[in-house]
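Here's coords03.csv, which has CSV, C-alpha atoms and all ligand atoms:
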chain,number,residue,atom,x,y,z
F,1,MET,CA,18.0,-12.9,-2.8
F,2,THR,CA,14.4,-11.9,-1.9
F,3,LYS,CA,12.2,-10.8,-4.8
F,4,THR,CA,11.6,-7.1,-4.1
F,5,LEU,CA,9.2,-6.2,-6.9
F,6,THR,CA,5.9,-7.9,-7.6
F,7,VAL,CA,3.5,-6.5,-10.2
F,8,VAL,CA,0.3,-8.1,-9.2
F,9,ASP,CA,-1.5,-8.9,-12.5
F,10,HIS,CA,-5.0,-10.1,-12.4
F,11,PRO,CA,-7.8,-9.3,-14.9
F,12,LEU,CA,-10.0,-7.8,-12.2
F,13,ILE,CA,-7.2,-5.5,-11.0
F,14,GLU,CA,-6.3,-4.4,-14.5
F,15,HIS,CA,-9.9,-3.7,-15.4
F,16,LYS,CA,-10.7,-1.7,-12.3
F,17,LEU,CA,-7.4,0.2,-12.7
F,18,THR,CA,-8.4,1.2,-16.3
F,19,LEU,CA,-11.7,2.5,-15.0
F,20,MET,CA,-9.8,4.5,-12.3
F,21,ARG,CA,-7.3,6.0,-14.8
F,22,GLU,CA,-10.0,7.3,-17.0
F,23,LYS,CA,-10.1,11.1,-16.4
F,24,THR,CA,-13.9,11.2,-16.4
F,25,ALA,CA,-14.2,8.7,-13.5
F,26,SER,CA,-16.2,10.3,-10.7
F,27,THR,CA,-14.9,10.7,-7.1
F,28,ALA,CA,-17.3,8.1,-5.9
F,29,SER,CA,-16.3,5.5,-8.4
F,30,PHE,CA,-12.6,6.3,-8.0
F,31,ARG,CA,-13.0,5.7,-4.3
F,32,ARG,CA,-15.0,2.5,-4.7
F,33,LEU,CA,-12.6,1.1,-7.2
F,34,LEU,CA,-9.6,1.8,-5.0
F,35,ARG,CA,-11.2,0.0,-2.1
F,36,GLU,CA,-12.0,-3.0,-4.3
F,37,ILE,CA,-8.5,-3.2,-5.8
F,38,SER,CA,-6.9,-2.9,-2.4
F,39,MET,CA,-8.7,-6.1,-1.3
F,40,LEU,CA,-7.3,-8.0,-4.3
F,41,LEU,CA,-3.8,-6.6,-3.7
F,42,ALA,CA,-4.0,-7.6,-0.1
F,43,TYR,CA,-4.1,-11.3,-1.1
F,44,GLU,CA,-0.7,-11.0,-2.7
F,45,VAL,CA,1.0,-8.7,-0.2
F,46,LEU,CA,0.0,-11.0,2.8
F,47,ARG,CA,0.5,-14.3,1.0
F,48,ASP,CA,3.6,-15.3,3.1
F,49,LEU,CA,2.2,-14.5,6.5
F,50,LYS,CA,3.5,-17.0,9.1
F,51,MET,CA,1.0,-19.7,10.1
F,52,GLU,CA,0.6,-21.9,13.1
F,53,THR,CA,-1.4,-25.1,13.9
F,54,VAL,CA,-4.0,-25.1,16.6
F,55,GLU,CA,-6.3,-27.7,17.9
F,56,ILE,CA,-10.0,-26.9,17.3
F,57,GLU,CA,-13.3,-28.8,17.4
F,58,THR,CA,-15.7,-28.6,14.5
F,59,PRO,CA,-19.3,-29.8,15.1
F,60,VAL,CA,-18.2,-33.2,13.7
F,61,ALA,CA,-14.6,-33.8,15.0
F,62,PRO,CA,-11.5,-32.4,16.6
F,63,MET,CA,-8.9,-31.2,14.1
F,64,GLN,CA,-5.5,-29.6,13.7
F,65,ALA,CA,-6.3,-26.3,11.9
F,66,ARG,CA,-4.2,-23.4,10.7
F,67,GLN,CA,-4.3,-19.8,11.8
F,68,ILE,CA,-2.1,-16.7,11.4
F,69,GLN,CA,0.6,-16.6,13.9
F,70,GLY,CA,1.9,-13.7,16.0
F,71,LYS,CA,0.9,-10.1,16.7
F,72,LYS,CA,-1.8,-8.5,14.5
F,73,VAL,CA,-0.7,-7.1,11.2
F,74,CYS,CA,-0.2,-3.4,10.9
F,75,PHE,CA,-1.3,-1.3,7.9
F,76,VAL,CA,0.4,2.2,7.7
F,77,SER,CA,-1.4,4.7,5.5
F,78,VAL,CA,0.6,7.5,4.0
F,79,LEU,CA,-1.7,10.5,4.2
F,80,ARG,CA,-3.8,11.5,2.4
F,81,ALA,CA,-4.2,9.1,-0.4
F,82,GLY,CA,-3.1,6.0,1.5
F,83,ASP,CA,-6.5,6.1,3.3
F,84,GLY,CA,-8.1,5.1,0.0
F,85,LEU,CA,-6.3,1.8,0.1
F,86,LEU,CA,-6.8,1.3,3.8
F,87,GLN,CA,-10.5,0.7,3.7
F,88,GLY,CA,-10.3,-2.3,1.5
F,89,LEU,CA,-7.4,-3.8,3.5
F,90,LEU,CA,-9.4,-3.4,6.7
F,91,ASP,CA,-12.5,-5.0,5.1
F,92,LEU,CA,-10.2,-8.0,4.6
F,93,VAL,CA,-8.2,-7.9,7.9
F,94,PRO,CA,-10.6,-6.2,10.3
F,95,VAL,CA,-8.4,-6.9,13.4
F,96,ALA,CA,-5.3,-5.2,11.9
F,97,ARG,CA,-3.7,-2.3,13.7
F,98,VAL,CA,-3.4,1.0,11.8
F,99,GLY,CA,-0.7,3.6,11.7
F,100,HIS,CA,-0.7,7.0,9.9
F,101,ILE,CA,2.2,8.9,8.5
F,102,GLY,CA,1.5,12.4,7.2
F,103,LEU,CA,3.7,13.4,4.3
F,104,TYR,CA,3.2,15.8,1.4
F,105,ARG,CA,5.4,16.3,-1.6
F,106,ASP,CA,6.7,19.9,-1.9
F,107,PRO,CA,5.5,20.9,-5.4
F,108,LYS,CA,8.8,22.7,-6.3
F,109,THR,CA,11.5,20.4,-4.8
F,110,LEU,CA,9.3,17.2,-5.0
F,111,GLN,CA,10.9,16.3,-1.6
F,112,PRO,CA,8.6,14.8,1.1
F,113,VAL,CA,7.6,17.0,4.0
F,114,SER,CA,6.6,15.2,7.2
F,115,TYR,CA,3.7,16.5,9.3
F,116,TYR,CA,2.2,13.6,11.3
F,117,ASN,CA,3.3,10.2,12.7
F,118,LYS,CA,1.1,7.9,14.8
F,119,LEU,CA,2.0,4.2,14.9
F,120,PRO,CA,0.9,1.3,17.1
F,121,ASP,CA,3.2,-0.2,19.7
F,122,ASN,CA,5.2,-3.4,19.3
F,123,MET,CA,6.1,-2.6,15.7
F,124,GLY,CA,9.1,-4.9,15.9
F,125,GLU,CA,6.7,-7.9,16.2
F,126,ARG,CA,4.3,-7.1,13.5
F,127,THR,CA,4.2,-7.6,9.8
F,128,THR,CA,3.8,-4.0,8.5
F,129,VAL,CA,2.4,-3.0,5.2
F,130,VAL,CA,2.9,0.7,4.2
F,131,VAL,CA,0.3,1.8,1.7
F,132,ASP,CA,0.1,4.7,-0.8
F,133,PRO,CA,-1.5,4.6,-4.2
F,134,MET,CA,1.4,6.4,-6.0
F,135,LEU,CA,5.1,5.5,-6.0
F,136,ALA,CA,6.4,8.4,-8.2
F,137,THR,CA,9.8,9.8,-7.4
F,138,GLY,CA,9.9,7.3,-4.5
F,139,GLY,CA,10.7,10.1,-1.9
F,140,SER,CA,7.5,9.8,0.1
F,141,ALA,CA,7.6,6.0,0.1
F,142,ALA,CA,11.2,5.9,1.3
F,143,ALA,CA,10.6,8.5,4.0
F,144,ALA,CA,7.5,6.7,5.3
F,145,VAL,CA,9.3,3.4,5.5
F,146,SER,CA,12.2,5.0,7.3
F,147,GLU,CA,9.8,6.3,9.9
F,148,VAL,CA,8.3,2.9,10.3
F,149,LYS,CA,11.7,1.3,10.7
F,150,LYS,CA,12.7,3.9,13.2
F,151,ALA,CA,9.7,2.7,15.3
F,152,GLY,CA,11.2,-0.8,15.3
F,153,ALA,CA,9.5,-2.5,12.3
F,154,LYS,CA,11.5,-5.2,10.7
F,155,ASP,CA,9.1,-7.1,8.5
F,156,VAL,CA,8.0,-4.3,6.2
F,157,ARG,CA,6.3,-4.3,2.8
F,158,PHE,CA,5.3,-1.4,0.6
F,159,LEU,CA,2.0,-1.5,-1.4
F,160,ALA,CA,1.3,1.0,-4.2
F,161,LEU,CA,-1.3,1.0,-6.9
F,162,VAL,CA,0.7,2.7,-9.7
F,163,SER,CA,4.5,3.0,-9.8
F,164,ALA,CA,7.1,4.6,-11.9
F,165,PRO,CA,10.4,2.8,-12.7
F,166,GLU,CA,12.4,5.8,-11.3
F,167,GLY,CA,10.5,5.7,-8.0
F,168,TYR,CA,11.0,2.0,-7.6
F,169,GLU,CA,14.7,2.3,-8.2
F,170,THR,CA,15.0,5.1,-5.7
F,171,PHE,CA,13.0,3.2,-3.1
F,172,HIS,CA,14.9,0.0,-3.6
F,173,ALA,CA,18.2,1.8,-3.2
F,174,ALA,CA,17.0,3.2,0.1
F,175,HIS,CA,15.3,0.1,1.4
F,176,PRO,CA,16.6,-3.0,-0.5
F,177,ASP,CA,15.1,-5.3,2.2
F,178,VAL,CA,11.5,-4.0,1.6
F,179,PRO,CA,9.5,-5.8,-1.1
F,180,VAL,CA,7.2,-3.6,-3.2
F,181,TYR,CA,3.8,-4.7,-4.5
F,182,THR,CA,2.1,-2.7,-7.2
F,183,ALA,CA,-0.7,-3.2,-9.7
F,184,ALA,CA,1.1,-1.4,-12.5
F,185,MET,CA,4.6,-0.2,-13.4
F,186,ASP,CA,4.0,2.7,-15.7
F,187,GLU,CA,6.4,4.3,-18.3
F,188,ARG,CA,8.0,7.2,-16.6
F,189,LEU,CA,7.7,10.5,-14.7
F,190,ASN,CA,7.0,13.8,-16.4
F,191,GLU,CA,8.8,17.1,-15.6
F,192,LYS,CA,6.4,17.8,-12.7
F,193,GLY,CA,7.1,14.4,-11.1
F,194,TYR,CA,3.7,12.9,-12.2
F,195,ILE,CA,3.5,9.3,-13.3
F,196,VAL,CA,2.9,8.9,-17.1
F,197,PRO,CA,0.3,7.7,-18.0
F,198,GLY,CA,-0.6,7.4,-14.3
F,199,LEU,CA,-4.0,8.6,-13.0
F,200,GLY,CA,-3.2,12.1,-12.0
F,201,ASP,CA,-3.2,13.3,-8.4
F,202,ALA,CA,-4.5,10.4,-6.3
F,203,GLY,CA,-5.4,12.4,-3.2
F,204,ASP,CA,-7.3,15.0,-5.2
F,205,ARG,CA,-9.2,12.3,-7.2
F,206,LEU,CA,-10.0,10.4,-4.0
F,207,PHE,CA,-11.2,13.3,-2.0
F,208,GLY,CA,-12.6,15.5,-4.7
F,209,THR,CA,-10.3,18.4,-3.8
F,210,LYS,CA,-9.7,19.6,-7.4
L,1,LIG,C1,1.1,11.8,-3.5
L,1,LIG,C2,1.0,10.3,-3.3
L,1,LIG,C3,2.3,10.0,-2.6
L,1,LIG,C4,3.3,10.9,-3.2
L,1,LIG,C5,4.1,10.2,-4.3
L,1,LIG,O1,0.9,12.5,-2.3
L,1,LIG,O2,-0.1,9.9,-2.5
L,1,LIG,O3,2.3,10.1,-1.2
L,1,LIG,O4,2.5,11.9,-3.9
L,1,LIG,O5,5.1,11.0,-4.8
L,1,LIG,P1,6.6,10.7,-4.6
L,1,LIG,O6,6.8,9.3,-4.9
L,1,LIG,O7,7.2,11.6,-5.7
L,1,LIG,O8,7.0,11.1,-3.3
L,1,LIG,P2,0.9,14.1,-2.2
L,1,LIG,O9,2.3,14.5,-1.8
L,1,LIG,O10,0.3,14.7,-3.4
L,1,LIG,O11,0.1,14.4,-0.9
L,1,LIG,P3,-1.5,14.2,-0.6
L,1,LIG,O12,-1.8,12.7,-0.6
L,1,LIG,O13,-1.7,14.8,0.7
L,1,LIG,O14,-2.3,14.8,-1.7
L,2,LIG,N1,1.4,11.9,-6.7
L,2,LIG,C1,0.3,11.6,-7.3
L,2,LIG,O1,-0.8,11.6,-6.7
L,2,LIG,N2,0.3,11.3,-8.6
L,2,LIG,C2,1.4,11.2,-9.4
L,2,LIG,O2,1.4,10.9,-10.6
L,2,LIG,C3,2.6,11.5,-8.7
L,2,LIG,C4,2.6,11.8,-7.4

Would you kindly transcribe this structure into structure tokens?
Ligand code: PRP
Ligand code: URA
Amino acid sequence: MTKTLTVVDHPLIEHKLTLMREKTASTASFRRLLREISMLLAYEVLRDLKMETVEIETPVAPMQARQIQGKKVCFVSVLRAGDGLLQGLLDLVPVARVGHIGLYRDPKTLQPVSYYNKLPDNMGERTTVVVDPMLATGGSAAAAVSEVKKAGAKDVRFLALVSAPEGYETFHAAHPDVPVYTAAMDERLNEKGYIVPGLGDAGDRLFGTK
């Protein structure tokens, strides 16, 4: 059975996340920290990429060297807040393809509402990482991954910064084949569907809209 939940624990990630959670963190530092953490999370989420051996020549000698096999990785950002994770991922994998899925959570029903979808071609041949800082009720994550699968993606992972146990359970029930990577599994959701203790509204904090 594939392991489907990885809480990526590293002192740098924990420290930076603490700085982000602090309600006095400025928009600029929230944004910078999210970009930095996303690079650290990328190591773990891409750890099992398939490799191949190629023949190269160093200035000293020929050698059999290793490189990543297959079509370029695809990162899919769940708008808006996914874009905050995207930058760091692209710093690390500049050749990656990028898709966007626009979803917002209806504040009353907490159900995801879809408003945009643009994905690269050949999704069936790419490792796809769907990214969103918050896995709260799990509705947005499950809907985004459904759209990616509909486009043909088979090797799919979901990357969140902060998750709630309820959200992970809902997501896992909908997509048992999709591993979830997160920097923190928090305590619970509150009555408004916010993660407790969480970090508030990720999109608003990232873009300074509140
Ligand atoms: C936030 C977050 C996720 C969603 C998580 O986005 O970025 O997409 O909520 O909640 P869920 O797990 O309960 O679905 P939001 O809907 O606030 O949209 P925004 O990024 O446009 O602000
Ligand atoms: N969306 C957010 O941005 N934060 C939460 O805590 C829950 C959903």

Distance criterion (only C-alpha atoms): nearest to F:Leu19 out of F:Ala144, F:Ala61, F:Leu34, F:Ala136:
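Going through F:Ala144, F:Ala61, F:Leu34, F:Ala136 one by one, the smallest distance to F:Leu19 is for F:Leu34.
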
Residue with smallest distance to F:Val162 - pool F:Asp186, F:Asp106, F:Asp9, F:Asp121, counting all atoms listed in the file
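Nearest to F:Val162: F:Asp186.
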
Go through F:Ala81, F:Leu206, F:Leu199, F:Ile56 and flag the residue nearest ligand LIG 1 (chain L), using all atoms listed in the file for the distances.
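Of all the options, F:Ala81 lies closest to ligand LIG 1 (chain L).
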
Would you compute the distance between atom CA of F:Ala143 and atom CA of F:Thr18? Give it in Å to one decimal.
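Atom-to-atom, atom CA of F:Ala143 and atom CA of F:Thr18 are spaced 28.7 Å apart.
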
Using all atoms listed in the file, what table do you get, as CSV, when you list each residue of chain F with an atom no more than 7 Å from ligand LIG 1 (chain L), its nearest pair of atoms, and their distance in Å rounded to one decimal, rows by chain then rising number?
residue,atom,partner,partner_atom,distance
F:Val78,CA,L:LIG1,O3,6.1
F:Leu79,CA,L:LIG1,O12,5.3
F:Arg80,CA,L:LIG1,O12,3.8
F:Ala81,CA,L:LIG1,O12,4.3
F:Gly82,CA,L:LIG1,O2,6.3
F:Leu103,CA,L:LIG1,O9,6.4
F:Tyr104,CA,L:LIG1,O9,3.6
F:Arg105,CA,L:LIG1,O9,3.6
F:Asp106,CA,L:LIG1,O9,7.0
F:Leu110,CA,L:LIG1,O7,6.0
F:Gln111,CA,L:LIG1,O8,6.7
F:Pro112,CA,L:LIG1,O8,6.0
F:Asp132,CA,L:LIG1,O2,5.5
F:Pro133,CA,L:LIG1,O2,5.7
F:Met134,CA,L:LIG1,C2,4.8
F:Leu135,CA,L:LIG1,O6,4.3
F:Ala136,CA,L:LIG1,O6,3.4
F:Thr137,CA,L:LIG1,O7,3.6
F:Gly138,CA,L:LIG1,O6,3.7
F:Gly139,CA,L:LIG1,O8,4.1
F:Ser140,CA,L:LIG1,O8,3.7
F:Ala141,CA,L:LIG1,O6,6.0
F:Gly167,CA,L:LIG1,O6,6.0
F:Gly193,CA,L:LIG1,O7,6.1
F:Asp201,CA,L:LIG1,O10,6.3
F:Ala202,CA,L:LIG1,O2,5.8
F:Gly203,CA,L:LIG1,O14,4.2
F:Asp204,CA,L:LIG1,O14,6.1

If we count only C-alpha atoms and set the cut-off at 6 Å, which residues sit around F:Val178, ignoring sequence neighbours fewer than 2 positions away in its own chain? Please answer as a PDB file with C-alpha atoms, in the frame of the given file.
ATOM      1  CA  VAL F 156       8.000  -4.300   6.200  1.00  0.00           C
ATOM      2  CA  ARG F 157       6.300  -4.300   2.800  1.00  0.00           C
ATOM      3  CA  HIS F 175      15.300   0.100   1.400  1.00  0.00           C
ATOM      4  CA  PRO F 176      16.600  -3.000  -0.500  1.00  0.00           C
TER       5      PRO F 176
END

Contacts of F:Leu89 within 9 Å, all atoms listed in the file, excl. fewer than 6 positions in-chain, as a list in words
Arg35, Ser38, Met39, Leu40, Leu41, Ala42, Phe75 and Ala96 of chain F

Counting all atoms listed in the file, select every polymer residue within 8 Å of (-3.4, 3.0, 13.3) as defined in the file's coordinates, and provide the selection as a list in words.
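Those residues, ordered by chain and then number, are Cys74, Phe75, Val76, Arg97, Val98, Gly99, His100, Lys118, Leu119 and Pro120 of chain F.
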